[in-house]
Structure formats: C-alpha cells, structure tokens
Amino acid sequence: MKLILTTIVSVLFIGFSYSQNCIESHTGKYSVNIDATVENIKKMSAEKGEEVPEDQIKMMTGMLSQIELSITTDTLIMSMMGRDQKMPFKARVNADGSNCDMVLVLPAEQLPEGTTEVFMTINEMDKNSMMLKSTGGSDDMDAFVWTKSEK
C-alpha cells in the first residue's frame, strides 16, 4: 500500500512540475511577424469567402508593428500604443501532451457565457516563432505569428 501511495504522489508531483514548467521555454518578449500574420489573415478571410482590401492591410501593418507580447511564468502582457493589458494565467500541459496551455485566471462573471475556462494553446512553429490558439474566448489573435525578440 505504501508503494502505491508513493507512486501516485510521485506521478502527480512530476505531472504538476512539468505543467508549471512547460511555459518556461516560452517566456520572453515577442513581436508580430507581420508578413506571416497578414498572410494568415488573408487566408482565414478567403476561407470565409471574404477579401481583405489593400488599404486595410496597410492600416493593419502599421498597427501590428506596434504590438508586443511578453510572457512570464504566470502573466501574459499585451502592449500596444503605450498601453499594457496584463492577463494572469496558470500554465498546464495541453490534453494531447504536446503543447502548453495558458489558462487565463478570470473571475466567473468575466467568462464568456457557457464557458468554464478560457485558455490559449501555444503552437510552436520553430525555435523562435509561435502562434496562440484561443479556446473559450475570442479568436481575434489566432492568425498572429509571434517571433521571439532578442531583447
């Protein structure tokens, strides 16, 4: 019995430790990869049967260049035009075991109707680039490609 309890506690501890550490390799500052993001926006619009006018693309490009994302071990910070929006989160390993989720820490009254949690899954593209896939909340930033800054 003692061996079973020790094994269970060890497995839970290892799982909990890994889930907290999955975010560590992603901490840092990121900027928007404008070309890749614009291509994703065009592709997503085309899938909806829409076209993004060239003047909107130029306007978006200017705005995208001013966005910075910072990830710490427990906070996601979006900086745009001198304003910071801080979103506390808890890291966990995604259900498929291959990605890291950032589960936003929100009061129940701020959760979208019919959801129990809002989280973003980090999808690594390469060593320095990633995308965030939102679940339970707005998908406004799903097309963004983020590149880690050298800062």
# chains A, B, ... in the order shown; residues from 1 in each chain; ligands from 1
>>> residues_around(residues="Val52 of chain A", least_positions_apart="3", cutoff="12 Å", atoms="only C-alpha atoms", output="VMD selection string")
chain A and resid 38 to 49 55 to 60
>>> write_last_selection(atoms="N, CA and C atoms", output="mmCIF file, in the first residue's frame")
data_model
loop_
_atom_site.group_PDB
_atom_site.id
_atom_site.type_symbol
_atom_site.label_atom_id
_atom_site.label_comp_id
_atom_site.auth_asym_id
_atom_site.auth_seq_id
_atom_site.Cartn_x
_atom_site.Cartn_y
_atom_site.Cartn_z
ATOM 1 N N VAL A 38 -0.144 38.709 -41.835
ATOM 2 C CA VAL A 38 -1.007 39.220 -42.909
ATOM 3 C C VAL A 38 -1.427 38.078 -43.834
ATOM 4 N N GLU A 39 -0.510 37.178 -44.146
ATOM 5 C CA GLU A 39 -0.861 36.020 -44.983
ATOM 6 C C GLU A 39 -1.911 35.154 -44.308
ATOM 7 N N ASN A 40 -1.777 34.937 -43.008
ATOM 8 C CA ASN A 40 -2.783 34.153 -42.268
ATOM 9 C C ASN A 40 -4.138 34.841 -42.268
ATOM 10 N N ILE A 41 -4.147 36.157 -42.100
ATOM 11 C CA ILE A 41 -5.407 36.906 -42.100
ATOM 12 C C ILE A 41 -6.074 36.796 -43.466
ATOM 13 N N LYS A 42 -5.281 36.936 -44.524
ATOM 14 C CA LYS A 42 -5.830 36.798 -45.881
ATOM 15 C C LYS A 42 -6.399 35.396 -46.094
ATOM 16 N N LYS A 43 -5.664 34.394 -45.646
ATOM 17 C CA LYS A 43 -6.094 33.001 -45.807
ATOM 18 C C LYS A 43 -7.389 32.741 -45.030
ATOM 19 N N MET A 44 -7.451 33.204 -43.793
ATOM 20 C CA MET A 44 -8.647 32.983 -42.975
ATOM 21 C C MET A 44 -9.849 33.719 -43.568
ATOM 22 N N SER A 45 -9.617 34.914 -44.104
ATOM 23 C CA SER A 45 -10.697 35.667 -44.735
ATOM 24 C C SER A 45 -11.187 34.955 -45.986
ATOM 25 N N ALA A 46 -10.255 34.441 -46.782
ATOM 26 C CA ALA A 46 -10.622 33.724 -48.012
ATOM 27 C C ALA A 46 -11.449 32.481 -47.680
ATOM 28 N N GLU A 47 -11.122 31.800 -46.586
ATOM 29 C CA GLU A 47 -11.877 30.618 -46.170
ATOM 30 C C GLU A 47 -13.315 30.979 -45.804
ATOM 31 N N LYS A 48 -13.519 32.225 -45.390
ATOM 32 C CA LYS A 48 -14.864 32.705 -45.061
ATOM 33 C C LYS A 48 -15.541 33.338 -46.275
ATOM 34 N N GLY A 49 -14.853 33.308 -47.431
ATOM 35 C CA GLY A 49 -15.408 33.896 -48.644
ATOM 36 C C GLY A 49 -15.292 35.410 -48.686
ATOM 37 N N ASP A 55 -6.099 48.632 -48.593
ATOM 38 C CA ASP A 55 -5.957 49.749 -47.652
ATOM 39 C C ASP A 55 -6.068 49.278 -46.204
ATOM 40 N N GLN A 56 -6.886 48.238 -45.951
ATOM 41 C CA GLN A 56 -6.975 47.674 -44.602
ATOM 42 C C GLN A 56 -5.689 46.944 -44.240
ATOM 43 N N ILE A 57 -5.083 46.295 -45.204
ATOM 44 C CA ILE A 57 -3.815 45.594 -44.953
ATOM 45 C C ILE A 57 -2.737 46.604 -44.565
ATOM 46 N N LYS A 58 -2.675 47.726 -45.263
ATOM 47 C CA LYS A 58 -1.686 48.759 -44.933
ATOM 48 C C LYS A 58 -1.927 49.312 -43.531
ATOM 49 N N MET A 59 -3.190 49.546 -43.190
ATOM 50 C CA MET A 59 -3.527 50.043 -41.862
ATOM 51 C C MET A 59 -3.154 49.005 -40.793
ATOM 52 N N MET A 60 -3.465 47.726 -41.062
ATOM 53 C CA MET A 60 -3.137 46.646 -40.130
ATOM 54 C C MET A 60 -1.638 46.541 -39.915
#
>>> select_by_dssp(residues="segment 44-126 of chain A", states="strand (DSSP E or B)", output="ChimeraX atom specification")
/A:67-71,75-80,83-93,100-104,119-126
>>> residues_around(residues="Thr75 of chain A", least_positions_apart="5", cutoff="8 Å", atoms="only C-alpha atoms", output="PDB file with N, CA and C atoms, in the first residue's frame")
ATOM      1  N   LYS A  86      -2.511  43.251 -18.865  1.00  0.00           N
ATOM      2  CA  LYS A  86      -1.941  42.098 -18.166  1.00  0.00           C
ATOM      3  C   LYS A  86      -3.020  41.059 -17.925  1.00  0.00           C
ATOM      4  N   MET A  87      -2.681  39.825 -18.271  1.00  0.00           N
ATOM      5  CA  MET A  87      -3.619  38.726 -18.082  1.00  0.00           C
ATOM      6  C   MET A  87      -2.917  37.605 -17.314  1.00  0.00           C
ATOM      7  N   PRO A  88      -3.244  37.441 -16.040  1.00  0.00           N
ATOM      8  CA  PRO A  88      -2.647  36.341 -15.286  1.00  0.00           C
ATOM      9  C   PRO A  88      -3.148  34.998 -15.815  1.00  0.00           C
ATOM     10  N   PHE A  89      -2.281  33.996 -15.775  1.00  0.00           N
ATOM     11  CA  PHE A  89      -2.669  32.672 -16.231  1.00  0.00           C
ATOM     12  C   PHE A  89      -1.972  31.600 -15.401  1.00  0.00           C
TER      13      PHE A  89
END
>>> closest_residue(among="A:Asn123, A:Ser98, A:Thr73, A:Thr116", to="Phe144 of chain A", atoms="only C-alpha atoms")
A:Asn123
>>> closest_residue(among="A:Lys127, A:Ile122, A:Lys133, A:Gly62", to="Thr147 of chain A", atoms="only C-alpha atoms")
A:Lys127
>>> residues_around(residues="segment 24-32 of chain A", least_positions_apart="4", cutoff="7 Å", atoms="only C-alpha atoms", output="list in words")
Leu64, Ser65, Ile67, Glu68, Leu69, Ser70, Ile71, Thr72, Thr73, Phe144, Val145, Trp146, Thr147, Lys148 and Ser149 of chain A
>>> select_by_dssp(residues="segment 3-140 of chain A", states="helix (DSSP H, G or I)", output="NGL selection string")
:A and (3-21 or 24-26 or 34-47 or 54-64 or 108-110)
>>> residues_around(residues="segment 110-113 of chain A", least_positions_apart="4", cutoff="12 Å", atoms="only C-alpha atoms", output="PyMOL selection string")
chain A and resi 103-106+117-119+135-138
>>> atom_distance(atom1="atom CA of Gly82 of chain A", atom2="atom CA of Ala143 of chain A")
22.6 Å
